[in-house]
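Visitor: Sharing work_35.tsv, TSV, C-alpha atoms:
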```
chain	number	residue	atom	x	y	z
A	1	MET	CA	-70.60	12.87	17.46
A	2	ARG	CA	-69.14	9.78	15.79
A	3	ILE	CA	-69.90	8.38	12.32
A	4	VAL	CA	-68.66	4.99	11.13
A	5	VAL	CA	-67.96	4.75	7.39
A	6	ALA	CA	-67.93	1.09	6.30
A	7	PRO	CA	-68.33	0.50	2.54
A	8	GLN	CA	-67.02	-2.26	0.31
A	9	GLU	CA	-65.43	-1.69	-3.10
A	10	PHE	CA	-67.31	-0.10	-5.98
A	11	LYS	CA	-66.27	-2.56	-8.66
A	12	GLY	CA	-64.57	-0.99	-11.62
A	13	SER	CA	-64.08	2.37	-9.96
A	14	LEU	CA	-63.12	2.49	-6.26
A	15	THR	CA	-61.52	0.16	-3.75
A	16	ALA	CA	-63.15	-0.06	-0.35
A	17	VAL	CA	-60.35	2.12	1.05
A	18	GLN	CA	-60.93	4.77	-1.62
A	19	ALA	CA	-64.70	4.64	-1.14
A	20	ALA	CA	-64.37	5.12	2.61
A	21	ALA	CA	-62.03	8.06	2.09
A	22	ALA	CA	-64.40	9.71	-0.40
A	23	ILE	CA	-67.36	9.38	1.96
A	24	ALA	CA	-65.29	10.79	4.83
A	25	THR	CA	-64.29	13.75	2.65
A	26	GLY	CA	-67.93	14.53	1.90
A	27	LEU	CA	-68.95	14.30	5.54
A	28	THR	CA	-66.24	16.55	6.90
A	29	ARG	CA	-67.18	19.35	4.49
A	30	VAL	CA	-70.15	20.13	6.73
A	31	LEU	CA	-69.21	18.20	9.88
A	32	PRO	CA	-65.57	19.23	10.39
A	33	ASP	CA	-65.55	18.46	14.10
A	34	THR	CA	-67.16	15.02	13.84
A	35	MET	CA	-65.14	11.86	14.46
A	36	VAL	CA	-65.34	9.88	11.23
A	37	GLU	CA	-64.08	6.32	11.64
A	38	GLN	CA	-63.22	4.61	8.36
A	39	VAL	CA	-63.67	0.81	8.28
A	40	PRO	CA	-63.33	-0.40	4.67
A	41	LEU	CA	-64.93	-3.81	4.17
A	42	ALA	CA	-64.94	-6.74	1.76
A	43	ASP	CA	-66.71	-10.07	1.28
A	44	GLY	CA	-63.75	-12.30	0.44
A	45	GLY	CA	-63.32	-11.21	-3.17
A	46	PRO	CA	-60.78	-8.83	-4.72
A	47	GLY	CA	-59.88	-6.03	-2.34
A	48	THR	CA	-60.24	-8.12	0.81
A	49	VAL	CA	-56.59	-7.92	1.87
A	50	ALA	CA	-56.36	-4.16	1.35
A	51	ALA	CA	-59.61	-3.56	3.23
A	52	VAL	CA	-58.65	-5.71	6.19
A	53	VAL	CA	-55.12	-4.33	6.48
A	54	ALA	CA	-56.43	-0.75	6.33
A	55	ALA	CA	-59.26	-1.29	8.81
A	56	ALA	CA	-57.29	-3.42	11.28
A	57	GLY	CA	-54.00	-1.54	11.11
A	58	GLY	CA	-52.22	-4.59	9.76
A	59	GLU	CA	-49.13	-5.21	7.67
A	60	LEU	CA	-48.93	-6.00	3.96
A	61	ARG	CA	-46.34	-8.57	2.86
A	62	THR	CA	-45.32	-9.00	-0.78
A	63	VAL	CA	-43.86	-12.33	-1.89
A	64	ALA	CA	-43.10	-14.24	-5.07
A	65	CYS	CA	-45.88	-16.51	-6.35
A	66	ARG	CA	-47.33	-17.84	-9.60
A	67	ASP	CA	-50.21	-16.53	-11.68
A	68	PRO	CA	-53.01	-18.77	-13.08
A	69	LEU	CA	-50.78	-19.87	-15.96
A	70	GLY	CA	-47.73	-20.54	-13.79
A	71	ARG	CA	-45.82	-17.35	-14.57
A	72	PRO	CA	-43.87	-15.70	-11.74
A	73	ILE	CA	-45.51	-12.61	-10.24
A	74	ALA	CA	-45.48	-10.67	-6.97
A	75	GLY	CA	-48.45	-11.36	-4.72
A	76	ALA	CA	-49.43	-9.92	-1.36
A	77	PHE	CA	-51.09	-11.08	1.82
A	78	GLY	CA	-51.97	-9.27	5.03
A	79	LEU	CA	-51.03	-9.84	8.64
A	80	VAL	CA	-53.28	-8.58	11.45
A	81	ASP	CA	-53.73	-9.24	15.17
A	82	GLY	CA	-50.03	-8.90	15.76
A	83	GLY	CA	-49.19	-11.33	12.98
A	84	ARG	CA	-51.31	-14.16	14.39
A	85	THR	CA	-53.86	-13.92	11.55
A	86	ALA	CA	-53.00	-13.83	7.86
A	87	VAL	CA	-55.46	-12.78	5.17
A	88	VAL	CA	-54.88	-14.27	1.74
A	89	GLU	CA	-56.83	-13.15	-1.31
A	90	MET	CA	-56.91	-15.94	-3.88
A	91	ALA	CA	-57.47	-13.38	-6.62
A	92	ALA	CA	-54.00	-11.97	-5.93
A	93	ALA	CA	-52.46	-15.13	-7.40
A	94	ALA	CA	-55.24	-16.83	-9.36
A	95	GLY	CA	-57.56	-13.97	-10.24
A	96	LEU	CA	-59.31	-13.34	-13.54
A	97	THR	CA	-57.87	-9.83	-13.70
A	98	LEU	CA	-54.35	-11.29	-13.96
A	99	LEU	CA	-55.11	-12.62	-17.44
A	100	ARG	CA	-55.91	-10.90	-20.69
A	101	PRO	CA	-59.25	-12.02	-22.19
A	102	GLU	CA	-57.50	-14.10	-24.82
A	103	GLU	CA	-55.46	-15.88	-22.12
A	104	ARG	CA	-58.43	-17.23	-20.17
A	105	ASP	CA	-58.26	-21.01	-20.07
A	106	ALA	CA	-60.47	-22.67	-17.47
A	107	ARG	CA	-59.13	-26.11	-18.42
A	108	ARG	CA	-55.50	-25.24	-17.65
A	109	ALA	CA	-55.54	-22.37	-15.13
A	110	SER	CA	-54.15	-23.33	-11.73
A	111	THR	CA	-54.36	-22.18	-8.11
A	112	GLU	CA	-50.72	-23.00	-7.38
A	113	GLY	CA	-50.01	-19.36	-6.61
A	114	VAL	CA	-52.59	-19.46	-3.83
A	115	GLY	CA	-50.60	-22.28	-2.26
A	116	ASP	CA	-47.48	-20.11	-2.57
A	117	LEU	CA	-49.20	-17.34	-0.59
A	118	ILE	CA	-50.48	-19.74	2.08
A	119	ARG	CA	-47.01	-21.23	2.50
A	120	ALA	CA	-45.54	-17.73	2.87
A	121	ALA	CA	-48.18	-16.83	5.46
A	122	VAL	CA	-47.32	-19.92	7.50
A	123	GLY	CA	-43.65	-19.03	7.22
A	124	ALA	CA	-44.45	-15.56	8.56
A	125	GLY	CA	-45.77	-17.16	11.74
A	126	ALA	CA	-49.53	-16.95	11.16
A	127	ARG	CA	-51.57	-19.44	13.14
A	128	ARG	CA	-54.87	-18.53	11.52
A	129	ILE	CA	-55.26	-18.01	7.79
A	130	VAL	CA	-58.33	-16.48	6.18
A	131	VAL	CA	-58.52	-17.22	2.45
A	132	GLY	CA	-60.78	-14.91	0.45
A	133	LEU	CA	-62.55	-16.84	-2.30
A	134	GLY	CA	-63.64	-14.71	-5.21
A	135	GLY	CA	-62.66	-13.35	-8.60
A	136	SER	CA	-60.92	-16.55	-9.73
A	137	ALA	CA	-59.66	-17.46	-13.19
A	138	THR	CA	-59.44	-21.13	-12.20
A	139	ASN	CA	-61.57	-24.27	-12.22
A	140	ASP	CA	-59.07	-26.78	-10.84
A	141	GLY	CA	-60.87	-27.69	-7.61
A	142	GLY	CA	-58.01	-26.10	-5.68
A	143	SER	CA	-55.70	-28.92	-6.74
A	144	GLY	CA	-53.00	-26.41	-7.70
A	145	MET	CA	-53.10	-24.87	-4.23
A	146	ALA	CA	-52.73	-28.32	-2.67
A	147	ARG	CA	-49.92	-29.22	-5.08
A	148	ALA	CA	-47.96	-26.12	-4.02
A	149	LEU	CA	-48.31	-27.27	-0.39
A	150	GLY	CA	-46.92	-30.73	-1.08
A	151	VAL	CA	-49.85	-32.87	-2.25
A	152	ARG	CA	-49.31	-35.13	-5.27
A	153	PHE	CA	-51.99	-35.89	-7.87
A	154	LEU	CA	-51.19	-39.10	-9.73
A	155	ASP	CA	-52.57	-40.85	-12.79
A	156	ALA	CA	-53.00	-44.61	-13.21
A	157	HIS	CA	-49.30	-44.97	-14.05
A	158	GLY	CA	-48.14	-43.08	-10.98
A	159	HIS	CA	-47.20	-39.96	-12.95
A	160	GLU	CA	-47.92	-36.44	-11.75
A	161	LEU	CA	-50.87	-34.80	-13.46
A	162	PRO	CA	-50.31	-31.47	-15.22
A	163	PRO	CA	-51.92	-28.36	-13.70
A	164	GLY	CA	-55.54	-27.44	-14.36
A	165	GLY	CA	-59.04	-28.78	-13.92
A	166	ALA	CA	-59.27	-30.81	-17.12
A	167	ALA	CA	-56.39	-33.05	-16.03
A	168	LEU	CA	-58.40	-34.22	-13.01
A	169	LEU	CA	-60.36	-36.53	-15.32
A	170	HIS	CA	-57.27	-38.75	-15.23
A	171	LEU	CA	-56.76	-38.62	-11.45
A	172	ALA	CA	-56.19	-42.09	-9.98
A	173	ARG	CA	-54.73	-41.34	-6.55
A	174	VAL	CA	-54.06	-38.47	-4.16
A	175	ASP	CA	-50.90	-38.63	-2.06
A	176	ILE	CA	-50.82	-36.25	0.94
A	177	ALA	CA	-47.65	-37.61	2.53
A	178	GLY	CA	-45.74	-34.48	1.50
A	179	LEU	CA	-48.31	-31.95	2.72
A	180	ASP	CA	-46.51	-29.19	4.66
A	181	PRO	CA	-46.60	-30.43	8.29
A	182	ARG	CA	-46.72	-26.86	9.65
A	183	LEU	CA	-50.32	-26.64	8.45
A	184	ARG	CA	-51.44	-29.10	11.14
A	185	ASP	CA	-51.23	-26.32	13.72
A	186	VAL	CA	-52.87	-23.64	11.58
A	187	GLU	CA	-56.58	-22.83	11.50
A	188	VAL	CA	-57.76	-22.17	7.95
A	189	ILE	CA	-61.03	-20.44	7.07
A	190	GLY	CA	-62.45	-19.86	3.60
A	191	ALA	CA	-64.32	-16.58	3.16
A	192	THR	CA	-66.99	-16.61	0.46
A	193	ASP	CA	-70.36	-15.08	-0.32
A	194	VAL	CA	-71.46	-17.96	-2.59
A	195	ARG	CA	-73.00	-21.29	-1.61
A	196	ASN	CA	-72.44	-23.22	-4.84
A	197	PRO	CA	-71.58	-26.91	-4.54
A	198	LEU	CA	-68.57	-28.31	-6.38
A	199	CYS	CA	-70.49	-30.12	-9.15
A	200	GLY	CA	-73.78	-30.13	-11.01
A	201	PRO	CA	-75.95	-27.44	-12.59
A	202	GLU	CA	-75.25	-25.01	-9.72
A	203	GLY	CA	-71.61	-26.07	-9.41
A	204	ALA	CA	-68.33	-24.29	-10.07
A	205	SER	CA	-68.03	-25.26	-13.75
A	206	ALA	CA	-71.61	-24.65	-14.86
A	207	VAL	CA	-72.12	-21.31	-13.11
A	208	TYR	CA	-68.69	-19.70	-13.32
A	209	GLY	CA	-66.84	-21.61	-16.05
A	210	PRO	CA	-68.14	-19.52	-18.98
A	211	GLN	CA	-66.78	-16.26	-17.56
A	212	LYS	CA	-63.37	-17.94	-17.34
A	213	GLY	CA	-63.38	-18.79	-21.03
A	214	ALA	CA	-64.97	-22.26	-20.97
A	215	THR	CA	-67.16	-23.30	-23.91
A	216	PRO	CA	-70.30	-25.41	-23.26
A	217	ALA	CA	-68.32	-28.55	-24.13
A	218	GLU	CA	-65.52	-27.53	-21.78
A	219	VAL	CA	-68.00	-26.79	-19.01
A	220	ALA	CA	-69.29	-30.37	-19.29
A	221	GLU	CA	-65.72	-31.71	-19.32
A	222	LEU	CA	-64.71	-29.68	-16.27
A	223	ASP	CA	-67.83	-30.64	-14.33
A	224	ALA	CA	-67.12	-34.32	-15.01
A	225	ALA	CA	-63.50	-33.79	-13.93
A	226	LEU	CA	-64.51	-32.17	-10.64
A	227	ARG	CA	-67.05	-34.90	-9.94
A	228	HIS	CA	-64.36	-37.54	-10.47
A	229	TYR	CA	-62.00	-35.48	-8.29
A	230	ALA	CA	-64.60	-35.44	-5.52
A	231	ASP	CA	-65.00	-39.23	-5.79
A	232	VAL	CA	-61.25	-39.74	-5.39
A	233	LEU	CA	-61.06	-37.33	-2.45
A	234	ARG	CA	-63.88	-39.21	-0.74
A	235	ARG	CA	-62.14	-42.54	-1.31
A	236	ASP	CA	-58.58	-41.48	-0.44
A	237	LEU	CA	-59.17	-38.85	2.25
A	238	GLY	CA	-62.59	-39.77	3.60
A	239	VAL	CA	-63.91	-36.25	2.94
A	240	ASP	CA	-67.07	-35.71	0.89
A	241	VAL	CA	-67.04	-32.24	-0.70
A	242	ALA	CA	-69.21	-32.82	-3.79
A	243	GLU	CA	-72.39	-31.25	-2.43
A	244	GLN	CA	-71.04	-29.10	0.39
A	245	PRO	CA	-72.31	-25.52	0.15
A	246	GLY	CA	-69.47	-23.21	-0.83
A	247	ALA	CA	-67.21	-26.01	-2.08
A	248	GLY	CA	-67.61	-24.63	-5.60
A	249	ALA	CA	-66.36	-21.17	-4.63
A	250	ALA	CA	-63.38	-19.92	-6.65
A	251	GLY	CA	-63.52	-22.79	-9.13
A	252	GLY	CA	-63.64	-25.39	-6.39
A	253	LEU	CA	-60.90	-23.94	-4.18
A	254	GLY	CA	-63.40	-24.10	-1.34
A	255	ALA	CA	-63.46	-27.89	-1.70
A	256	ALA	CA	-59.66	-28.15	-1.51
A	257	LEU	CA	-59.46	-25.97	1.59
A	258	VAL	CA	-61.89	-28.31	3.33
A	259	ALA	CA	-60.39	-31.56	2.05
A	260	PHE	CA	-56.69	-30.84	2.50
A	261	LEU	CA	-56.50	-28.16	5.19
A	262	GLY	CA	-59.57	-28.99	7.29
A	263	ALA	CA	-60.93	-25.52	6.67
A	264	ARG	CA	-64.30	-24.10	7.60
A	265	LEU	CA	-66.20	-22.09	4.99
A	266	ARG	CA	-67.89	-18.97	6.29
A	267	SER	CA	-69.68	-15.90	5.00
A	268	GLY	CA	-67.05	-13.58	3.59
A	269	PHE	CA	-68.70	-10.47	5.01
A	270	GLU	CA	-69.16	-11.97	8.47
A	271	LEU	CA	-65.58	-13.14	8.61
A	272	VAL	CA	-64.10	-9.84	7.46
A	273	ALA	CA	-66.37	-7.96	9.87
A	274	GLU	CA	-65.05	-10.15	12.67
A	275	VAL	CA	-61.40	-9.66	11.72
A	276	VAL	CA	-61.73	-5.85	11.62
A	277	HIS	CA	-63.88	-5.79	14.79
A	278	LEU	CA	-66.74	-4.03	13.02
A	279	GLU	CA	-69.54	-4.66	15.52
A	280	PRO	CA	-67.69	-3.19	18.55
A	281	ARG	CA	-66.97	-0.11	16.45
A	282	LEU	CA	-70.69	0.36	15.79
A	283	VAL	CA	-71.57	0.49	19.48
A	284	GLY	CA	-72.33	4.08	20.49
A	285	ALA	CA	-72.03	5.46	16.94
A	286	ASP	CA	-74.48	8.17	15.87
A	287	LEU	CA	-74.63	7.06	12.24
A	288	VAL	CA	-73.23	4.38	9.96
A	289	ILE	CA	-72.68	4.94	6.24
A	290	THR	CA	-72.05	1.90	4.08
A	291	GLY	CA	-72.21	1.27	0.35
A	292	GLU	CA	-71.36	-0.79	-2.69
A	293	GLY	CA	-71.62	-0.63	-6.46
A	294	ARG	CA	-75.19	-1.92	-6.60
A	295	LEU	CA	-77.87	-2.60	-4.02
A	296	ASP	CA	-80.71	-4.91	-5.04
A	297	GLY	CA	-82.71	-7.90	-3.87
A	298	GLN	CA	-79.66	-10.17	-4.15
A	299	SER	CA	-77.84	-8.05	-1.58
A	300	LEU	CA	-79.76	-9.85	1.17
A	301	PHE	CA	-77.70	-12.98	0.52
A	302	GLY	CA	-74.39	-12.27	2.22
A	303	LYS	CA	-73.60	-8.85	0.75
A	304	THR	CA	-71.85	-6.14	2.72
A	305	THR	CA	-74.49	-3.40	2.82
A	306	VAL	CA	-77.17	-5.62	4.33
A	307	GLY	CA	-74.63	-7.23	6.65
A	308	VAL	CA	-73.68	-3.83	8.05
A	309	ALA	CA	-77.35	-2.92	8.46
A	310	ARG	CA	-78.07	-6.10	10.41
A	311	LEU	CA	-75.18	-5.50	12.79
A	312	ALA	CA	-76.09	-1.84	13.30
A	313	ARG	CA	-79.72	-2.74	14.02
A	314	ARG	CA	-78.58	-4.70	17.08
A	315	HIS	CA	-77.32	-1.45	18.55
A	316	ALA	CA	-80.09	0.86	17.29
A	317	VAL	CA	-77.73	2.82	15.03
A	318	PRO	CA	-79.20	4.31	11.83
A	319	VAL	CA	-77.59	3.10	8.59
A	320	VAL	CA	-77.43	4.87	5.24
A	321	ALA	CA	-76.24	3.15	2.06
A	322	LEU	CA	-74.62	5.08	-0.79
A	323	CYS	CA	-74.54	2.99	-3.97
A	324	GLY	CA	-73.65	3.25	-7.60
A	325	GLY	CA	-77.17	2.08	-8.43
A	326	LEU	CA	-80.35	0.79	-6.81
A	327	GLY	CA	-81.76	-2.29	-8.53
A	328	ASP	CA	-84.95	-4.31	-8.29
A	329	GLY	CA	-85.84	-5.36	-4.77
A	330	TRP	CA	-83.41	-3.06	-2.95
A	331	GLU	CA	-86.27	-1.98	-0.66
A	332	GLN	CA	-86.11	-5.40	1.02
A	333	ALA	CA	-82.98	-4.16	2.78
A	334	LEU	CA	-85.11	-1.67	4.71
A	335	ALA	CA	-86.58	-4.57	6.68
A	336	GLU	CA	-83.04	-5.69	7.58
A	337	GLY	CA	-82.04	-2.52	9.42
A	338	LEU	CA	-81.22	-0.14	6.57
A	339	THR	CA	-82.60	3.35	7.23
A	340	ALA	CA	-82.24	4.81	3.73
A	341	ALA	CA	-80.32	4.41	0.48
A	342	TRP	CA	-79.17	6.77	-2.25
A	343	SER	CA	-77.75	6.26	-5.70
A	344	ILE	CA	-74.75	8.51	-6.26
A	345	ALA	CA	-75.68	8.95	-9.95
A	346	PRO	CA	-76.75	12.59	-10.44
A	347	GLY	CA	-78.87	11.77	-13.48
A	348	PRO	CA	-78.64	9.97	-16.83
A	349	ALA	CA	-75.00	9.09	-17.50
A	350	THR	CA	-72.89	6.38	-19.08
A	351	LEU	CA	-71.35	3.72	-16.88
A	352	ALA	CA	-67.90	4.93	-17.94
A	353	ASP	CA	-68.68	8.47	-16.77
A	354	LEU	CA	-70.04	7.25	-13.43
A	355	GLU	CA	-66.99	5.07	-12.82
A	356	ALA	CA	-64.59	7.87	-13.72
A	357	GLY	CA	-66.30	10.32	-11.37
A	358	ALA	CA	-67.21	7.88	-8.61
A	359	ALA	CA	-65.07	9.42	-5.86
A	360	ALA	CA	-66.44	12.94	-6.44
A	361	LEU	CA	-70.02	11.69	-6.72
A	362	LEU	CA	-69.69	9.63	-3.56
A	363	ALA	CA	-68.27	12.58	-1.64
A	364	SER	CA	-71.00	14.91	-2.92
A	365	THR	CA	-73.77	12.49	-1.92
A	366	ALA	CA	-72.20	12.02	1.52
A	367	THR	CA	-72.27	15.79	1.98
A	368	GLN	CA	-76.01	15.84	1.30
A	369	VAL	CA	-76.54	12.99	3.77
A	370	ALA	CA	-74.61	14.97	6.37
A	371	ARG	CA	-76.81	18.03	5.79
A	372	LEU	CA	-79.96	15.94	6.29
A	373	PHE	CA	-78.46	14.40	9.41
A	374	ILE	CA	-77.75	17.84	10.86
A	375	ALA	CA	-81.30	18.97	10.09
A	376	ALA	CA	-82.77	15.83	11.70
A	377	ARG	CA	-80.76	16.32	14.90
A	378	ARG	CA	-81.81	19.96	15.14
A	379	SER	CA	-85.46	19.00	14.71
A	380	ALA	CA	-85.16	16.28	17.34
A	381	GLY	CA	-83.38	18.61	19.73
```
Now, as a test, write the supplied structure out as structure tokens.

Guide:
Amino acid sequence: MRIVVAPQEFKGSLTAVQAAAAIATGLTRVLPDTMVEQVPLADGGPGTVAAVVAAAGGELRTVACRDPLGRPIAGAFGLVDGGRTAVVEMAAAAGLTLLRPEERDARRASTEGVGDLIRAAVGAGARRIVVGLGGSATNDGGSGMARALGVRFLDAHGHELPPGGAALLHLARVDIAGLDPRLRDVEVIGATDVRNPLCGPEGASAVYGPQKGATPAEVAELDAALRHYADVLRRDLGVDVAEQPGAGAAGGLGAALVAFLGARLRSGFELVAEVVHLEPRLVGADLVITGEGRLDGQSLFGKTTVGVARLARRHAVPVVALCGGLGDGWEQALAEGLTAAWSIAPGPATLADLEAGAAALLASTATQVARLFIAARRSAG
């Protein structure tokens, strides 16, 4: 018998790798002779590199880069497929978790560190780079990333603009003559689970700016800056990113990947699933267990649990989801291939208590699932 364990992170408590290990521990308590294959997953946000490296047997590289405020830090990226594919997590260099709450500054924060990681990945020999878009502290339209790769952003006097999204209001010209020529032979793919355009009421600034510290006035300023930025990109590069779905991901980094690196934007879950060869691993499995922090009606739009269920349905494999909580509309996932879902919460508890005990609760719930699975097989046999 073979069970595939393929969860994503439980935000605030467990990484995808830790969640997979906890589920496997619970299963083997009552199924000690069962092959349990752990395939930690992600959707492009924080934890993507660790999940992919663990699931694909890759290599983690640590290099020097810059944080959202330009301070030197150590960042990591992953190499899989024999080093041909690199996985870069933008949150590792430009993530919100890298800043204290009082340091959040959506007007000034920059994605330059993401460019540092991409340059390092190219230097490592990667010919395909997957950039996970999620968890950003930035709203600079990816201009910092492009700057780190050799692009110049000039004002009307020919001077370089300072880092950050607010400065883009003064952008007069984009000069790509210095863009790293090695990137011409590299395929770049942006992994995201959001479809927001760059500008407007559903754009990067309006939807995500407030969580990065932007006031209502700053949101309006940043949206105007990104709209002007898009106009200049269209004029100077011939690329229209203003309304492209996903261009607003990670504070507009999606737009820069498309405009400067010719990237394609794809579903984060689908891309990660492809890199770790998830679907072939599901073929012939007896059961799949997935999970995430919360399963609800929104999970149908690119989230991991429903993605796993859809893939498993193609091969008639039952799928169980173990989640921190089940929210409104979670039952819709049953029509997408999910067999059943459980909350790991044993009863009324504070969020802090649930997060602190998440590994034990996940393992305990997995044990109960295994007992039911044994009973079902005996009844069927």

Visitor: Quick one: of A:Leu154, A:Ala121, A:Leu226, A:Ala109, who's nearest to Ser205 (chain A), counting only C-alpha atoms?

Guide: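 Selected residue with least distance to Ser205 (chain A): A:Leu226.
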
Visitor: Could you check which of A:Leu79, A:Ala204, A:Ala54, A:Leu169 is closest to Pro245 (chain A), using all atoms listed in the file?

Guide: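 Answer, going by the shortest atom-to-atom distance: A:Ala204.
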
Visitor: Any idea what's packed within 10 Å of region 329-345 of chain A, counting all atoms listed in the file, ignoring anything in its chain fewer than 3 positions away? Could you give it as a PyMOL selection string?

Guide: chain A and resi 288-300+305-314+316-326+348-351+353-355+357-366+369

Visitor: Please identify all polymer residues within 6 Å of Lys212 (chain A), counting only C-alpha atoms, omitting same-chain residues fewer than 4 positions from it, and present them as a list in words.

Guide: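 Residues meeting the cut-off are Arg104, Ala106 and Ala137 of chain A.
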
Visitor: Find the residues near Ala177 (chain A): any atom within 10 Å, counting only C-alpha atoms, skip ones fewer than 5 places away on the same chain, and give them as a list in words.

Guide: Gly150, Val151 and Arg152 of chain A

Visitor: I need the residues from that last selection saved to file as an mmCIF file, in the coordinates of the input (with C-alpha atoms), if you can.

Guide:
```cif
data_model
loop_
_atom_site.group_PDB
_atom_site.id
_atom_site.type_symbol
_atom_site.label_atom_id
_atom_site.label_comp_id
_atom_site.auth_asym_id
_atom_site.auth_seq_id
_atom_site.Cartn_x
_atom_site.Cartn_y
_atom_site.Cartn_z
ATOM 1 C CA GLY A 150 -46.920 -30.730 -1.080
ATOM 2 C CA VAL A 151 -49.850 -32.870 -2.250
ATOM 3 C CA ARG A 152 -49.310 -35.130 -5.270
#
```

Visitor: Restricting the calculation to only C-alpha atoms: of A:Asp33, A:Asp155, A:Asp43, A:Asp81, which residue gets closest to His277 (chain A)?

Guide: A:Asp81
